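The file entry06.cif contains mmCIF, C-alpha atoms and all ligand atoms:
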data_start
loop_
_atom_site.label_atom_id
_atom_site.label_comp_id
_atom_site.auth_asym_id
_atom_site.auth_seq_id
_atom_site.Cartn_x
_atom_site.Cartn_y
_atom_site.Cartn_z
CA GLN B 1 109.58 154.73 141.94
CA VAL B 2 112.83 154.87 143.88
CA VAL B 3 112.76 152.53 146.87
CA LEU B 4 116.40 152.11 147.89
CA THR B 5 118.75 155.06 148.08
CA ALA B 6 122.42 155.19 149.01
CA GLN B 7 123.83 158.66 149.55
CA ASP B 8 127.54 159.40 149.75
CA VAL B 9 128.23 155.99 151.24
CA SER B 10 131.79 155.17 152.31
CA LYS B 11 133.25 152.09 153.92
CA ARG B 12 136.79 151.19 154.99
CA TYR B 13 138.34 147.97 156.21
CA GLY B 14 141.49 148.94 158.07
CA ASN B 15 143.54 150.79 155.49
CA THR B 16 141.48 149.56 152.57
CA THR B 17 138.84 151.84 151.16
CA ALA B 18 136.08 149.57 149.91
CA LEU B 19 133.52 152.30 149.12
CA ALA B 20 134.39 155.94 148.54
CA GLY B 21 131.28 158.09 148.28
CA ILE B 22 128.68 156.03 146.49
CA ASP B 23 125.41 157.53 145.33
CA VAL B 24 122.97 155.05 143.85
CA THR B 25 119.25 154.39 143.73
CA VAL B 26 117.20 151.32 142.88
CA GLN B 27 113.63 151.57 141.68
CA THR B 28 110.74 149.14 141.91
CA GLY B 29 110.84 146.71 139.03
CA GLU B 30 114.33 147.72 138.00
CA ILE B 31 117.30 145.41 137.51
CA LEU B 32 120.46 147.30 138.37
CA GLY B 33 123.65 145.54 137.29
CA LEU B 34 126.92 146.12 139.14
CA VAL B 35 130.10 145.44 137.25
CA GLY B 36 133.78 146.10 137.91
CA HIS B 37 137.01 144.26 138.52
CA ASN B 38 137.73 142.25 141.65
CA GLY B 39 138.13 144.58 144.60
CA ALA B 40 136.09 147.37 143.03
CA GLY B 41 133.66 147.28 145.96
CA LYS B 42 130.68 145.47 144.42
CA SER B 43 130.13 142.95 147.22
CA THR B 44 130.62 145.57 149.90
CA LEU B 45 128.05 147.81 148.25
CA MET B 46 125.61 144.89 148.11
CA ARG B 47 126.02 144.13 151.79
CA VAL B 48 125.50 147.78 152.64
CA LEU B 49 122.42 147.99 150.40
CA ALA B 50 121.09 144.80 152.01
CA GLY B 51 121.55 146.29 155.49
CA ARG B 52 124.08 143.62 156.42
CA GLU B 53 126.80 146.17 157.02
CA GLN B 54 126.69 149.75 158.16
CA PRO B 55 128.62 152.33 156.15
CA ASP B 56 131.24 154.45 157.94
CA ALA B 57 129.72 157.54 156.36
CA GLY B 58 126.68 158.32 154.28
CA THR B 59 123.20 156.84 154.48
CA VAL B 60 121.11 154.06 153.03
CA SER B 61 117.36 154.44 153.15
CA TRP B 62 114.35 152.40 152.11
CA ARG B 63 111.35 154.38 150.89
CA GLY B 64 112.76 157.41 152.64
CA GLY B 65 112.73 155.69 156.03
CA GLY B 66 115.27 156.05 158.82
CA GLU B 67 117.33 153.16 160.07
CA TRP B 68 118.50 150.48 157.63
CA ASN B 69 119.83 147.20 158.97
CA GLN B 70 119.32 143.50 158.49
CA SER B 71 116.06 143.18 160.38
CA VAL B 72 114.53 146.30 158.85
CA ALA B 73 115.57 144.93 155.44
CA ALA B 74 113.99 141.57 156.21
CA ARG B 75 110.71 143.23 157.17
CA ALA B 76 110.84 145.30 153.99
CA GLY B 77 111.15 142.12 151.91
CA VAL B 78 114.71 142.78 150.81
CA ARG B 79 116.50 139.51 150.34
CA MET B 80 120.10 138.74 149.48
CA VAL B 81 121.30 135.67 147.57
CA TYR B 82 124.88 134.92 148.41
CA GLN B 83 127.49 133.50 146.14
CA GLU B 84 128.67 131.30 148.99
CA LEU B 85 126.06 128.65 149.60
CA ALA B 86 124.51 128.70 153.04
CA LEU B 87 122.99 125.21 153.03
CA CYS B 88 124.12 122.73 155.65
CA PRO B 89 125.36 119.67 153.70
CA ASP B 90 124.42 117.07 156.35
CA LEU B 91 120.75 117.98 156.30
CA THR B 92 118.17 117.34 153.63
CA VAL B 93 117.05 120.27 151.54
CA ALA B 94 113.72 120.27 153.38
CA GLU B 95 115.47 120.33 156.76
CA ASN B 96 117.60 123.24 155.62
CA ILE B 97 114.51 125.15 154.61
CA ALA B 98 112.74 124.40 157.87
CA LEU B 99 115.80 125.27 159.92
CA SER B 100 116.52 128.58 158.27
CA ASP B 101 113.02 129.92 158.11
CA ARG B 102 111.47 128.47 161.28
CA ALA B 103 113.03 130.86 163.75
CA ALA B 104 111.56 133.87 162.07
CA ARG B 105 108.15 132.44 161.28
CA GLY B 106 107.23 129.86 163.91
CA TRP B 107 106.85 126.08 163.74
CA GLY B 108 103.55 126.18 161.86
CA TRP B 109 105.29 127.64 158.89
CA ARG B 110 107.63 124.72 158.28
CA ARG B 111 105.45 122.60 156.03
CA ALA B 112 104.30 125.63 154.07
CA ALA B 113 107.86 126.79 153.54
CA GLU B 114 108.97 123.37 152.29
CA ARG B 115 106.04 123.20 149.92
CA HIS B 116 106.56 126.73 148.62
CA VAL B 117 110.24 126.13 147.91
CA ALA B 118 109.53 122.80 146.20
CA GLU B 119 106.91 124.49 144.01
CA LYS B 120 109.26 127.33 143.24
CA LEU B 121 111.98 124.88 142.17
CA ASP B 122 109.52 123.15 139.83
CA ARG B 123 108.36 126.42 138.39
CA VAL B 124 111.67 128.27 137.96
CA PHE B 125 114.04 125.35 137.34
CA PRO B 126 111.94 122.58 135.82
CA GLY B 127 113.74 119.43 134.78
CA HIS B 128 116.69 119.63 137.15
CA GLY B 129 115.57 116.78 139.35
CA ILE B 130 115.80 118.46 142.70
CA ALA B 131 113.91 116.57 145.40
CA ILE B 132 113.80 118.39 148.70
CA VAL B 133 113.87 115.09 150.62
CA ARG B 134 117.43 114.51 149.44
CA ARG B 135 120.49 115.20 151.53
CA THR B 136 122.06 118.49 150.47
CA SER B 137 125.48 116.88 150.01
CA ASP B 138 123.93 114.60 147.35
CA LEU B 139 123.04 117.61 145.20
CA THR B 140 125.39 119.15 142.67
CA MET B 141 126.62 122.70 143.27
CA ALA B 142 124.25 123.86 140.56
CA GLN B 143 121.30 122.19 142.29
CA ARG B 144 122.29 123.73 145.62
CA GLN B 145 122.45 127.15 144.04
CA MET B 146 118.97 126.61 142.60
CA VAL B 147 117.69 125.75 146.07
CA GLU B 148 119.25 128.95 147.47
CA ILE B 149 117.63 131.00 144.77
CA ALA B 150 114.25 129.29 145.18
CA ARG B 151 114.38 129.98 148.91
CA ALA B 152 115.04 133.65 148.30
CA LEU B 153 112.23 133.76 145.75
CA CYS B 154 109.88 132.44 148.45
CA THR B 155 110.48 135.40 150.73
CA PRO B 156 107.05 136.62 151.82
CA ASP B 157 106.28 140.05 150.33
CA LEU B 158 109.48 140.05 148.34
CA ALA B 159 110.29 143.62 147.35
CA MET B 160 113.93 143.47 146.30
CA LEU B 161 116.48 140.81 145.47
CA ILE B 162 120.18 141.42 145.85
CA LEU B 163 122.00 138.77 143.84
CA ASP B 164 125.74 138.15 144.11
CA GLU B 165 126.89 136.03 141.14
CA PRO B 166 123.69 133.93 141.16
CA THR B 167 124.66 131.95 138.06
CA GLU B 168 128.22 131.14 139.09
CA SER B 169 127.63 127.38 139.11
CA LEU B 170 124.52 127.18 136.91
CA SER B 171 124.37 125.61 133.44
CA VAL B 172 123.44 127.73 130.44
CA ASP B 173 120.01 126.12 130.56
CA ALA B 174 119.39 126.93 134.23
CA THR B 175 120.80 130.43 133.75
CA GLY B 176 118.24 131.06 131.03
CA GLN B 177 115.46 129.77 133.27
CA LEU B 178 116.60 132.01 136.10
CA TYR B 179 116.69 135.21 134.06
CA ALA B 180 113.36 134.47 132.43
CA HIS B 181 111.90 134.27 135.92
CA LEU B 182 113.78 137.30 137.26
CA ARG B 183 112.52 139.44 134.43
CA GLU B 184 108.96 138.31 135.10
CA LEU B 185 109.44 139.21 138.74
CA ALA B 186 110.90 142.59 137.84
CA ALA B 187 107.91 143.22 135.58
CA SER B 188 105.73 142.62 138.64
CA GLY B 189 107.60 145.33 140.55
CA VAL B 190 110.42 143.56 142.38
CA GLY B 191 113.64 145.59 142.21
CA MET B 192 116.98 143.84 141.83
CA VAL B 193 120.67 144.46 142.23
CA LEU B 194 122.74 141.98 140.26
CA ILE B 195 126.46 141.31 140.39
CA SER B 196 127.92 139.09 137.72
CA HIS B 197 131.28 138.89 136.07
CA ARG B 198 129.46 137.58 133.00
CA MET B 199 129.07 140.80 131.11
CA GLN B 200 126.71 139.26 128.55
CA GLU B 201 124.28 138.31 131.27
CA VAL B 202 124.29 141.78 132.76
CA LEU B 203 123.94 143.47 129.39
CA ALA B 204 121.07 141.20 128.41
CA ASN B 205 119.13 141.48 131.65
CA ALA B 206 119.89 144.69 133.53
CA ASP B 207 117.96 147.88 132.91
CA ARG B 208 120.85 149.98 134.14
CA ILE B 209 124.48 149.13 134.76
CA ALA B 210 126.72 150.83 137.31
CA VAL B 211 130.42 150.44 136.63
CA MET B 212 132.51 150.40 139.80
CA LYS B 213 136.19 151.12 140.21
CA ASP B 214 138.15 151.70 143.41
CA GLY B 215 135.03 152.05 145.55
CA ARG B 216 133.33 154.52 143.24
CA ILE B 217 130.67 154.35 140.57
CA VAL B 218 132.55 155.69 137.57
CA ASP B 219 129.80 155.26 135.01
CA THR B 220 126.11 154.41 134.86
CA VAL B 221 124.70 153.24 131.58
CA ALA B 222 121.22 152.33 130.46
CA ALA B 223 120.99 148.76 129.19
CA ARG B 224 118.41 146.30 127.87
CA SER B 225 114.96 147.66 128.47
CA THR B 226 115.73 151.26 127.62
CA SER B 227 116.86 150.31 124.15
CA GLU B 228 114.11 147.71 123.74
CA GLN B 229 111.32 149.98 124.87
CA ALA B 230 112.59 152.97 122.91
P1 LIG B 301 134.34 143.22 144.68
O1 LIG B 301 133.10 142.58 145.14
O2 LIG B 301 134.13 144.25 143.61
O3 LIG B 301 135.40 142.25 144.30
P2 LIG B 301 134.72 143.88 147.46
O4 LIG B 301 133.60 144.72 147.90
O5 LIG B 301 134.71 142.45 147.78
O6 LIG B 301 134.94 144.09 145.88
O7 LIG B 301 136.07 144.49 148.04
C1 LIG B 301 136.43 145.87 147.98
C2 LIG B 301 137.71 146.08 148.76
O8 LIG B 301 137.44 145.91 150.14
C3 LIG B 301 138.79 145.08 148.43
O9 LIG B 301 140.04 145.72 148.53
C4 LIG B 301 138.64 144.03 149.49
O10 LIG B 301 139.86 143.39 149.73
C5 LIG B 301 138.19 144.87 150.67
N1 LIG B 301 137.32 144.11 151.59
C6 LIG B 301 136.08 143.70 151.32
N2 LIG B 301 135.53 143.06 152.39
C7 LIG B 301 136.50 143.08 153.34
C8 LIG B 301 136.56 142.59 154.68
N3 LIG B 301 135.52 141.97 155.26
N4 LIG B 301 137.70 142.79 155.36
C9 LIG B 301 138.73 143.42 154.82
N5 LIG B 301 138.75 143.92 153.57
C10 LIG B 301 137.63 143.75 152.84
P1 LIG B 302 99.55 129.23 158.40
O1 LIG B 302 100.65 129.17 159.42
O2 LIG B 302 98.40 130.12 158.79
O3 LIG B 302 99.14 127.90 157.85
P2 LIG B 302 101.37 129.57 156.35
O4 LIG B 302 102.33 128.87 157.19
O5 LIG B 302 100.91 128.90 155.10
O6 LIG B 302 100.12 130.03 157.17
O7 LIG B 302 102.00 130.97 155.91
C1 LIG B 302 101.86 132.16 156.64
C2 LIG B 302 102.04 133.31 155.66
O8 LIG B 302 103.30 133.24 155.00
C3 LIG B 302 101.00 133.30 154.57
O9 LIG B 302 100.69 134.63 154.22
C4 LIG B 302 101.68 132.61 153.42
O10 LIG B 302 101.18 133.07 152.19
C5 LIG B 302 103.09 133.07 153.62
N1 LIG B 302 104.05 132.05 153.20
C6 LIG B 302 104.27 130.86 153.75
N2 LIG B 302 105.24 130.21 153.16
C7 LIG B 302 105.67 131.02 152.22
C8 LIG B 302 106.67 130.94 151.26
N3 LIG B 302 107.49 129.90 151.18
N4 LIG B 302 106.82 131.93 150.40
C9 LIG B 302 106.03 133.01 150.45
N5 LIG B 302 105.07 133.16 151.36
C10 LIG B 302 104.90 132.19 152.22
#
Produce structure tokens that represent the structure in this file.
Ligand code: ADP
Ligand code: ADP
Amino acid sequence: QVVLTAQDVSKRYGNTTALAGIDVTVQTGEILGLVGHNGAGKSTLMRVLAGREQPDAGTVSWRGGGEWNQSVAARAGVRMVYQELALCPDLTVAENIALSDRAARGWGWRRAAERHVAEKLDRVFPGHGIAIVRRTSDLTMAQRQMVEIARALCTPDLAMLILDEPTESLSVDATGQLYAHLRELAASGVGMVLISHRMQEVLANADRIAVMKDGRIVDTVAARSTSEQA
């Protein structure tokens, strides 16, 4: 079932064409990989799909609905995981969680959010020694990335994850743990868009791969599950 649709989407920054007429869909439970060289438009497409940026032309729609922006995306359960880490280093992990999610959910949610993220860390990344009472700056980059991912995984009514190089600073071990979990989530119906420059990862985990070049999708190939299920 197609949930997210981009139709003839274009985006320019000054004289730079970042996206030049993109058509793409993402289905429930599908992992769509985006690959292409630097500057191909992958990150821009992700931001547009996540409702963070409006295209200059074309449309993005969720389940055939009208407007698509950050708050509509948040209500739909579409969550982006950035490559750049958004945690404040001077605060503990728990404080970061409370700070980021409180505004949207109210004070009563704080404890629950901390507990959910701590449980998610234990479940998805066991054995990495992440205590949420620790100051963020005391964590390694890998541990911080795991916290970011766990936070995104705790999004209430998560419907789609948009992941920009989620394994950039993760060990092989943690990368394996992440994809095992993502594939479980996908099997439960959560759609995903995944950018990684690690081709092996994309080949092994995406259902479909869109190859981008100069703001266009120049090829779409079926990957993992199609061959496995065939
Ligand atoms: P990728 O993620 O594939 O490396 P991007 O989407 O980041 O590609 O970039 C596509 C093109 O758009 C590049 O030429 C990049 O320099 C340009 N671009 C992306 N974001 C911006 C921005 N905020 N301001 C100006 N140019 C941008
Ligand atoms: P209350 O404020 O009534 O005690 P909670 O704060 O536990 O309720 O959460 C309110 C709603 O948000 C519940 O539906 C709960 O399942 C959900 N929720 C709370 N924290 C998380 C989380 N980290 N991840 C996913 N869902 C959450």
* To do: Select the residues contacting ligand LIG 301 (chain B) at a distance of at most 12 Å, based on all atoms listed in the file, then format the selection as a count of residues only.
  => 46
Give the residue list for ligand LIG 302 (chain B) at 7 Å, counting all atoms listed in the file, as a PDB file with C-alpha atoms, keeping the file's coordinate frame, sorted by chain and then by residue number.
ATOM      1  CA  GLY B 108     103.550 126.180 161.860  1.00  0.00           C
ATOM      2  CA  TRP B 109     105.290 127.640 158.890  1.00  0.00           C
ATOM      3  CA  ARG B 110     107.630 124.720 158.280  1.00  0.00           C
ATOM      4  CA  ALA B 112     104.300 125.630 154.070  1.00  0.00           C
ATOM      5  CA  ALA B 113     107.860 126.790 153.540  1.00  0.00           C
ATOM      6  CA  GLU B 114     108.970 123.370 152.290  1.00  0.00           C
ATOM      7  CA  ARG B 115     106.040 123.200 149.920  1.00  0.00           C
ATOM      8  CA  HIS B 116     106.560 126.730 148.620  1.00  0.00           C
ATOM      9  CA  VAL B 117     110.240 126.130 147.910  1.00  0.00           C
ATOM     10  CA  CYS B 154     109.880 132.440 148.450  1.00  0.00           C
ATOM     11  CA  THR B 155     110.480 135.400 150.730  1.00  0.00           C
ATOM     12  CA  PRO B 156     107.050 136.620 151.820  1.00  0.00           C
TER      13      PRO B 156
END
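When all atoms listed in the file are used to measure the gap to Gly127 in chain B, the shortest distance among B:Asp173, B:Leu158, B:Leu91, B:Ser61 belongs to B:Asp173.
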* Close residues, Met160 in chain B itself excluded, 9 Å, all atoms listed in the file, min 2 positions apart in chain, as a PyMOL selection string -> chain B and resi 28-29+76-80+158+162+189-193
* Would you mind telling me which residue in B:Asp23, B:Glu148, B:Glu67, B:Asp219 lies nearest to Ala94 in chain B when using only C-alpha atoms? => B:Glu148
* To do: Could you tell me which of B:Gln27, B:Gln70, B:Ser169, B:Gln200 comes closest to Leu85 in chain B if we count only C-alpha atoms?
  => B:Ser169
* Would you kindly return, as a list in words, each protein, DNA or RNA residue with an atom no farther than 12 Å from any atom of Glu119 in chain B, considering all atoms listed in the file and excluding same-chain residues fewer than 5 positions away? => Ala112, Ala113, Glu114, Val124, Phe125, Pro126, Ile130, Ala131, Ile132, Val147, Ala150, Arg151, Leu153 and Cys154 of chain B
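If only C-alpha atoms are the atoms counted, then among B:Thr5, B:Gln145, B:Ser71, B:Gln177 the closest residue to Val24 in chain B is B:Thr5.
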* To do: Excluding Gln7 in chain B and any residue of its chain fewer than 5 positions from it, enumerate the residues within 10 Å of it, using all atoms listed in the file, and give them as a ChimeraX atom specification.
  => /B:21-25,57-61
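Distances from B:Leu99, B:Ala118, B:Ala159, B:Val2 to Leu87 in chain B were compared using all atoms listed in the file, and the smallest one belongs to B:Leu99.
Take CA of Ala204 in chain B and CA of Asp157 in chain B: the distance between them is 26.5 Å.
Of the residues under consideration (B:Ala174, B:Ala223, B:Ala6, B:Ala152), B:Ala174 shows the shortest atom-to-atom contact distance to Gly129 in chain B when counting all atoms listed in the file.
Between CA of His128 in chain B and CA of Gln143 in chain B the separation is 7.4 Å.
Here CA of Cys88 in chain B is placed at a distance of 10.2 Å from CA of Arg144 in chain B.
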